[in-house]
Amino acid sequence: MALIISFFIDLIFGEPYLIFHPVYYMGKFISFFDKKFKHSIFFGFLSFILIEAFFMGLLFLISKLNMIFSIIIYIFFISSSFAISSLYTHVKKCDTDDLSKLRYNVSMIVSRDTSKLSKKELYSAAVETLAENYVDSVLSPIFYYFLFGVYGIVFFRIANTMDAMIGYRNEKYEKYGKFAARTDDVLNFIPARLSYLFFVLFSPIKVSKSFFKFGKIKINGTKSMSCMAGLLKVNLKKEGVYNINPEYDLPDQKSLKKSLMYYIFICIITILIGVILLWLMKSFYMLNMEEMFLFPGLIFLYL
């Protein structure tokens, strides 16, 4: 029920105001240590541990409160760890034929320079962002909620937020952000590959051909991108990084619309499967601590 309620809260209200958003405070902690600590591997590791310890401790203290009150706070944390509707909203803004608006809106969701990109290159960047962030914003949070409950989903969100803020390969963050970046890679490793199971439902042959041929370019990022590229029969390309399905043309506005439609259906299927698996877990076990950690692992091994 917590997962279902959290899903509808995210769907209806989107991201909460900053002062009510747990990720906002995660970012504040990250920025604080970024300014106070030396930028070395050790202090990057230390900042990660301190932030995770603080929020894990906070969740533990919340669990000692009145049950109804603690559940409400947990739902708040869970819904804030998703970005289902906000990801859709940001990419939907790129569904425009106005080049200046398109260039600006794409620049808000990608790190690359969009000033000299053509329309099709801009649409490609938007589709890539939608596909890649499906894992970060939808699948991985559900995966870790299923395995470890609210502790798992918050742990993942902290690691993912740190990677987004300090996980860069530049002079400033190469060492300091390395632990957060590698942790995020490890946490997304299984969900990125599981994404294939959700895309392949819509077109087994096209998705499989693209996934198994181009899904190994980056450790995680191109897994879901190659699936989306195969599904849409388009070329997704970032100069010097990847070139998925070069035999096809770059996506146009129609392709972007299709990607948004597929994204909605895939998110619904992901949520439904997560709820069903949680229901099965509750139905077959009394949910003591050992069983909570064992049973989900057995299901995924079986799958």
# chains A, B, ... in the order shown; residues from 1 in each chain; ligands from 1
>>> residues_around(residues="Asp95 in chain A", least_positions_apart="3", cutoff="8 Å", atoms="only C-alpha atoms", output="PyMOL selection string")
chain A and resi 91-92+102+253+256-257
>>> residues_around(residues="Ala131 in chain A", least_positions_apart="4", cutoff="9 Å", atoms="only C-alpha atoms", output="PyMOL selection string")
chain A and resi 126-127+135+221-229+259+263
>>> closest_residue(among="A:Met261, A:Ile72, A:Leu231, A:Met162", to="Tyr196 in chain A", atoms="only C-alpha atoms")
A:Leu231
>>> closest_residue(among="A:Ser79, A:Ser85, A:Asn160, A:Ser203", to="Ile268 in chain A", atoms="only C-alpha atoms")
A:Ser85
>>> select_by_dssp(residues="range 147-300 of chain A", states="strand (DSSP E or B)", output="PyMOL selection string")
chain A and resi 236-238+242-244
>>> write_last_selection(atoms="all heavy atoms", output="PDB file, in the first residue's frame")
ATOM      1  N   LEU A 236      20.490   6.720 -31.586  1.00  0.00           N
ATOM      2  CA  LEU A 236      20.775   7.595 -30.445  1.00  0.00           C
ATOM      3  C   LEU A 236      22.286   7.760 -30.372  1.00  0.00           C
ATOM      4  O   LEU A 236      23.013   6.769 -30.277  1.00  0.00           O
ATOM      5  CB  LEU A 236      20.223   6.999 -29.143  1.00  0.00           C
ATOM      6  CG  LEU A 236      18.698   6.824 -29.069  1.00  0.00           C
ATOM      7  CD1 LEU A 236      18.301   6.221 -27.733  1.00  0.00           C
ATOM      8  CD2 LEU A 236      17.972   8.139 -29.303  1.00  0.00           C
ATOM      9  N   LYS A 237      22.730   9.021 -30.393  1.00  0.00           N
ATOM     10  CA  LYS A 237      24.175   9.241 -30.528  1.00  0.00           C
ATOM     11  C   LYS A 237      24.642  10.412 -29.678  1.00  0.00           C
ATOM     12  O   LYS A 237      24.009  11.460 -29.638  1.00  0.00           O
ATOM     13  CB  LYS A 237      24.515   9.502 -31.998  1.00  0.00           C
ATOM     14  CG  LYS A 237      25.981   9.760 -32.267  1.00  0.00           C
ATOM     15  CD  LYS A 237      26.270   9.803 -33.763  1.00  0.00           C
ATOM     16  CE  LYS A 237      25.596  10.965 -34.438  1.00  0.00           C
ATOM     17  NZ  LYS A 237      25.975  11.089 -35.867  1.00  0.00           N
ATOM     18  N   LYS A 238      25.753  10.191 -28.989  1.00  0.00           N
ATOM     19  CA  LYS A 238      26.464  11.266 -28.309  1.00  0.00           C
ATOM     20  C   LYS A 238      27.902  11.198 -28.791  1.00  0.00           C
ATOM     21  O   LYS A 238      28.585  10.183 -28.575  1.00  0.00           O
ATOM     22  CB  LYS A 238      26.394  11.102 -26.786  1.00  0.00           C
ATOM     23  CG  LYS A 238      27.059  12.239 -26.017  1.00  0.00           C
ATOM     24  CD  LYS A 238      26.902  12.054 -24.509  1.00  0.00           C
ATOM     25  CE  LYS A 238      27.557  13.200 -23.749  1.00  0.00           C
ATOM     26  NZ  LYS A 238      27.421  13.032 -22.275  1.00  0.00           N
ATOM     27  N   TYR A 242      28.858   7.241 -27.478  1.00  0.00           N
ATOM     28  CA  TYR A 242      28.118   6.072 -27.980  1.00  0.00           C
ATOM     29  C   TYR A 242      27.406   6.428 -29.278  1.00  0.00           C
ATOM     30  O   TYR A 242      27.157   7.603 -29.582  1.00  0.00           O
ATOM     31  CB  TYR A 242      27.117   5.540 -26.942  1.00  0.00           C
ATOM     32  CG  TYR A 242      26.206   6.592 -26.354  1.00  0.00           C
ATOM     33  CD1 TYR A 242      25.090   7.073 -27.053  1.00  0.00           C
ATOM     34  CD2 TYR A 242      26.448   7.118 -25.085  1.00  0.00           C
ATOM     35  CE1 TYR A 242      24.266   8.040 -26.510  1.00  0.00           C
ATOM     36  CE2 TYR A 242      25.634   8.089 -24.528  1.00  0.00           C
ATOM     37  CZ  TYR A 242      24.540   8.544 -25.247  1.00  0.00           C
ATOM     38  OH  TYR A 242      23.720   9.504 -24.706  1.00  0.00           O
ATOM     39  N   ASN A 243      27.093   5.400 -30.036  1.00  0.00           N
ATOM     40  CA  ASN A 243      26.367   5.555 -31.295  1.00  0.00           C
ATOM     41  C   ASN A 243      25.511   4.301 -31.475  1.00  0.00           C
ATOM     42  O   ASN A 243      25.950   3.300 -32.020  1.00  0.00           O
ATOM     43  CB  ASN A 243      27.339   5.725 -32.457  1.00  0.00           C
ATOM     44  CG  ASN A 243      26.637   6.081 -33.757  1.00  0.00           C
ATOM     45  OD1 ASN A 243      25.446   6.376 -33.769  1.00  0.00           O
ATOM     46  ND2 ASN A 243      27.364   6.037 -34.864  1.00  0.00           N
ATOM     47  N   ILE A 244      24.282   4.353 -30.976  1.00  0.00           N
ATOM     48  CA  ILE A 244      23.394   3.192 -30.940  1.00  0.00           C
ATOM     49  C   ILE A 244      22.520   3.161 -32.193  1.00  0.00           C
ATOM     50  O   ILE A 244      21.875   4.140 -32.534  1.00  0.00           O
ATOM     51  CB  ILE A 244      22.503   3.238 -29.678  1.00  0.00           C
ATOM     52  CG1 ILE A 244      23.369   3.277 -28.410  1.00  0.00           C
ATOM     53  CG2 ILE A 244      21.558   2.047 -29.626  1.00  0.00           C
ATOM     54  CD1 ILE A 244      22.603   3.577 -27.144  1.00  0.00           C
TER      55      ILE A 244
END
>>> closest_residue(among="A:Ala180, A:Ile75, A:Ile158, A:Leu65", to="Phe45 in chain A", atoms="only C-alpha atoms")
A:Ala180
>>> atom_distance(atom1="CA of Ile4 in chain A", atom2="CA of Asp136 in chain A")
18.6 Å
>>> residues_around(residues="Ala53 in chain A", least_positions_apart="3", cutoff="12 Å", atoms="only C-alpha atoms", output="MDAnalysis selection string")
chainID A and resid 26 29 46:50 56:60 151 154:155 158
>>> write_last_selection(atoms="N, CA and C atoms", output="short mmCIF file (atom, residue, chain, number, x, y, z; two decimals), in the first residue's frame")
data_model
loop_
_atom_site.label_atom_id
_atom_site.label_comp_id
_atom_site.auth_asym_id
_atom_site.auth_seq_id
_atom_site.Cartn_x
_atom_site.Cartn_y
_atom_site.Cartn_z
N MET A 26 19.34 16.23 1.38
CA MET A 26 20.49 15.41 1.02
C MET A 26 21.52 16.27 0.29
N PHE A 29 23.45 18.55 2.65
CA PHE A 29 24.53 17.84 3.33
C PHE A 29 25.72 17.64 2.39
N LEU A 46 34.25 9.31 3.30
CA LEU A 46 33.77 9.71 4.61
C LEU A 46 32.47 10.50 4.51
N SER A 47 32.38 11.42 3.57
CA SER A 47 31.14 12.20 3.41
C SER A 47 29.98 11.30 3.04
N PHE A 48 30.23 10.31 2.20
CA PHE A 48 29.19 9.35 1.81
C PHE A 48 28.68 8.59 3.04
N ILE A 49 29.60 8.08 3.85
CA ILE A 49 29.23 7.31 5.04
C ILE A 49 28.47 8.17 6.04
N LEU A 50 28.91 9.38 6.26
CA LEU A 50 28.27 10.27 7.23
C LEU A 50 26.83 10.61 6.82
N MET A 56 19.92 7.02 7.61
CA MET A 56 19.51 5.70 8.09
C MET A 56 19.12 5.78 9.57
N GLY A 57 19.88 6.56 10.34
CA GLY A 57 19.56 6.76 11.75
C GLY A 57 18.23 7.49 11.92
N LEU A 58 17.99 8.47 11.05
CA LEU A 58 16.73 9.21 11.11
C LEU A 58 15.54 8.29 10.82
N LEU A 59 15.68 7.43 9.84
CA LEU A 59 14.60 6.48 9.52
C LEU A 59 14.37 5.51 10.67
N PHE A 60 15.45 5.10 11.33
CA PHE A 60 15.32 4.20 12.48
C PHE A 60 14.56 4.88 13.62
N TYR A 151 14.55 1.83 3.89
CA TYR A 151 15.99 2.02 4.05
C TYR A 151 16.71 1.86 2.71
N VAL A 154 15.95 4.92 0.25
CA VAL A 154 16.62 6.16 0.66
C VAL A 154 18.14 6.02 0.48
N PHE A 155 18.69 4.86 0.80
CA PHE A 155 20.11 4.62 0.59
C PHE A 155 20.46 4.84 -0.88
N ILE A 158 20.30 8.62 -1.94
CA ILE A 158 21.45 9.40 -1.49
C ILE A 158 22.64 9.16 -2.41
#
>>> closest_residue(among="A:Ile12, A:Val138, A:Leu130, A:Ile62", to="Tyr88 in chain A", atoms="only C-alpha atoms")
A:Leu130
>>> closest_residue(among="A:Leu139, A:Leu122, A:Met108, A:Leu3", to="Phe77 in chain A", atoms="only C-alpha atoms")
A:Leu3
>>> select_by_dssp(residues="range 30-147 of chain A", states="alpha helix (DSSP H)", output="PyMOL selection string")
chain A and resi 30-36+41-63+67-81+84-92+99-107+119-134+140-147
>>> residues_around(residues="Lys38 in chain A", least_positions_apart="5", cutoff="12 Å", atoms="only C-alpha atoms", output="PyMOL selection string")
chain A and resi 32-33+43-47+172-173+175-177
>>> write_last_selection(atoms="all heavy atoms", output="mmCIF file, in the first residue's frame")
data_model
loop_
_atom_site.group_PDB
_atom_site.id
_atom_site.type_symbol
_atom_site.label_atom_id
_atom_site.label_comp_id
_atom_site.auth_asym_id
_atom_site.auth_seq_id
_atom_site.Cartn_x
_atom_site.Cartn_y
_atom_site.Cartn_z
ATOM 1 N N PHE A 32 27.556 20.850 1.940
ATOM 2 C CA PHE A 32 28.284 21.222 3.161
ATOM 3 C C PHE A 32 29.628 20.510 3.230
ATOM 4 O O PHE A 32 30.672 21.146 3.452
ATOM 5 C CB PHE A 32 27.439 20.875 4.387
ATOM 6 C CG PHE A 32 28.158 21.078 5.698
ATOM 7 C CD1 PHE A 32 28.285 22.345 6.242
ATOM 8 C CD2 PHE A 32 28.708 19.998 6.375
ATOM 9 C CE1 PHE A 32 28.961 22.538 7.451
ATOM 10 C CE2 PHE A 32 29.381 20.177 7.573
ATOM 11 C CZ PHE A 32 29.503 21.458 8.111
ATOM 12 N N PHE A 33 29.607 19.185 3.032
ATOM 13 C CA PHE A 33 30.859 18.426 3.101
ATOM 14 C C PHE A 33 31.766 18.755 1.915
ATOM 15 O O PHE A 33 32.998 18.717 2.041
ATOM 16 C CB PHE A 33 30.565 16.923 3.149
ATOM 17 C CG PHE A 33 29.966 16.463 4.448
ATOM 18 C CD1 PHE A 33 28.732 15.825 4.482
ATOM 19 C CD2 PHE A 33 30.633 16.679 5.650
ATOM 20 C CE1 PHE A 33 28.182 15.407 5.684
ATOM 21 C CE2 PHE A 33 30.088 16.265 6.855
ATOM 22 C CZ PHE A 33 28.851 15.627 6.872
ATOM 23 N N PHE A 43 38.087 11.444 1.938
ATOM 24 C CA PHE A 43 37.041 12.356 2.408
ATOM 25 C C PHE A 43 35.760 12.218 1.572
ATOM 26 O O PHE A 43 34.660 12.477 2.071
ATOM 27 C CB PHE A 43 37.543 13.798 2.404
ATOM 28 C CG PHE A 43 38.440 14.114 3.571
ATOM 29 C CD1 PHE A 43 39.812 14.244 3.393
ATOM 30 C CD2 PHE A 43 37.917 14.248 4.850
ATOM 31 C CE1 PHE A 43 40.636 14.523 4.474
ATOM 32 C CE2 PHE A 43 38.737 14.524 5.927
ATOM 33 C CZ PHE A 43 40.104 14.666 5.747
ATOM 34 N N GLY A 44 35.883 11.798 0.328
ATOM 35 C CA GLY A 44 34.699 11.489 -0.460
ATOM 36 C C GLY A 44 33.961 10.301 0.124
ATOM 37 O O GLY A 44 32.728 10.293 0.236
ATOM 38 N N PHE A 45 34.735 9.280 0.532
ATOM 39 C CA PHE A 45 34.162 8.103 1.188
ATOM 40 C C PHE A 45 33.543 8.477 2.532
ATOM 41 O O PHE A 45 32.436 8.051 2.867
ATOM 42 C CB PHE A 45 35.259 7.049 1.379
ATOM 43 C CG PHE A 45 34.880 5.915 2.295
ATOM 44 C CD1 PHE A 45 34.033 4.906 1.862
ATOM 45 C CD2 PHE A 45 35.374 5.863 3.596
ATOM 46 C CE1 PHE A 45 33.682 3.863 2.710
ATOM 47 C CE2 PHE A 45 35.030 4.835 4.445
ATOM 48 C CZ PHE A 45 34.181 3.828 4.001
ATOM 49 N N LEU A 46 34.253 9.306 3.297
ATOM 50 C CA LEU A 46 33.772 9.709 4.615
ATOM 51 C C LEU A 46 32.467 10.499 4.513
ATOM 52 O O LEU A 46 31.522 10.264 5.290
ATOM 53 C CB LEU A 46 34.832 10.546 5.326
ATOM 54 C CG LEU A 46 34.487 11.028 6.751
ATOM 55 C CD1 LEU A 46 34.266 9.837 7.679
ATOM 56 C CD2 LEU A 46 35.596 11.933 7.287
ATOM 57 N N SER A 47 32.379 11.419 3.573
ATOM 58 C CA SER A 47 31.142 12.204 3.411
ATOM 59 C C SER A 47 29.976 11.301 3.039
ATOM 60 O O SER A 47 28.853 11.474 3.540
ATOM 61 C CB SER A 47 31.337 13.291 2.357
ATOM 62 O OG SER A 47 31.593 12.738 1.090
ATOM 63 N N LYS A 172 38.384 18.734 -10.166
ATOM 64 C CA LYS A 172 37.846 18.984 -8.828
ATOM 65 C C LYS A 172 37.294 17.722 -8.169
ATOM 66 O O LYS A 172 37.518 17.473 -6.979
ATOM 67 C CB LYS A 172 36.749 20.047 -8.902
ATOM 68 C CG LYS A 172 36.169 20.431 -7.543
ATOM 69 C CD LYS A 172 35.135 21.540 -7.688
ATOM 70 C CE LYS A 172 34.599 21.953 -6.306
ATOM 71 N NZ LYS A 172 33.561 23.026 -6.437
ATOM 72 N N TYR A 173 36.568 16.897 -8.930
ATOM 73 C CA TYR A 173 35.820 15.784 -8.334
ATOM 74 C C TYR A 173 36.326 14.390 -8.710
ATOM 75 O O TYR A 173 35.744 13.401 -8.283
ATOM 76 C CB TYR A 173 34.344 15.893 -8.719
ATOM 77 C CG TYR A 173 33.638 17.064 -8.089
ATOM 78 C CD1 TYR A 173 33.025 18.049 -8.883
ATOM 79 C CD2 TYR A 173 33.571 17.203 -6.702
ATOM 80 C CE1 TYR A 173 32.380 19.127 -8.310
ATOM 81 C CE2 TYR A 173 32.923 18.277 -6.118
ATOM 82 C CZ TYR A 173 32.328 19.238 -6.927
ATOM 83 O OH TYR A 173 31.680 20.304 -6.345
ATOM 84 N N LYS A 175 38.733 12.558 -7.702
ATOM 85 C CA LYS A 175 38.994 11.711 -6.532
ATOM 86 C C LYS A 175 37.860 11.793 -5.506
ATOM 87 O O LYS A 175 37.412 10.770 -4.985
ATOM 88 C CB LYS A 175 40.328 12.122 -5.879
ATOM 89 C CG LYS A 175 41.540 11.844 -6.737
ATOM 90 C CD LYS A 175 42.824 12.238 -6.020
ATOM 91 C CE LYS A 175 44.053 11.929 -6.879
ATOM 92 N NZ LYS A 175 45.314 12.332 -6.187
ATOM 93 N N TYR A 176 37.404 12.997 -5.227
ATOM 94 C CA TYR A 176 36.408 13.192 -4.177
ATOM 95 C C TYR A 176 35.080 12.500 -4.510
ATOM 96 O O TYR A 176 34.430 11.935 -3.632
ATOM 97 C CB TYR A 176 36.172 14.686 -3.967
ATOM 98 C CG TYR A 176 35.219 15.013 -2.844
ATOM 99 C CD1 TYR A 176 35.574 14.797 -1.507
ATOM 100 C CD2 TYR A 176 33.956 15.543 -3.115
ATOM 101 C CE1 TYR A 176 34.698 15.099 -0.469
ATOM 102 C CE2 TYR A 176 33.077 15.853 -2.089
ATOM 103 C CZ TYR A 176 33.456 15.626 -0.771
ATOM 104 O OH TYR A 176 32.574 15.918 0.244
ATOM 105 N N GLY A 177 34.682 12.509 -5.771
ATOM 106 C CA GLY A 177 33.394 11.920 -6.142
ATOM 107 C C GLY A 177 33.467 10.488 -6.607
ATOM 108 O O GLY A 177 32.442 9.898 -6.961
#
>>> closest_residue(among="A:Ile264, A:Ile73, A:Ile276, A:Ile78", to="Arg157 in chain A", atoms="only C-alpha atoms")
A:Ile78
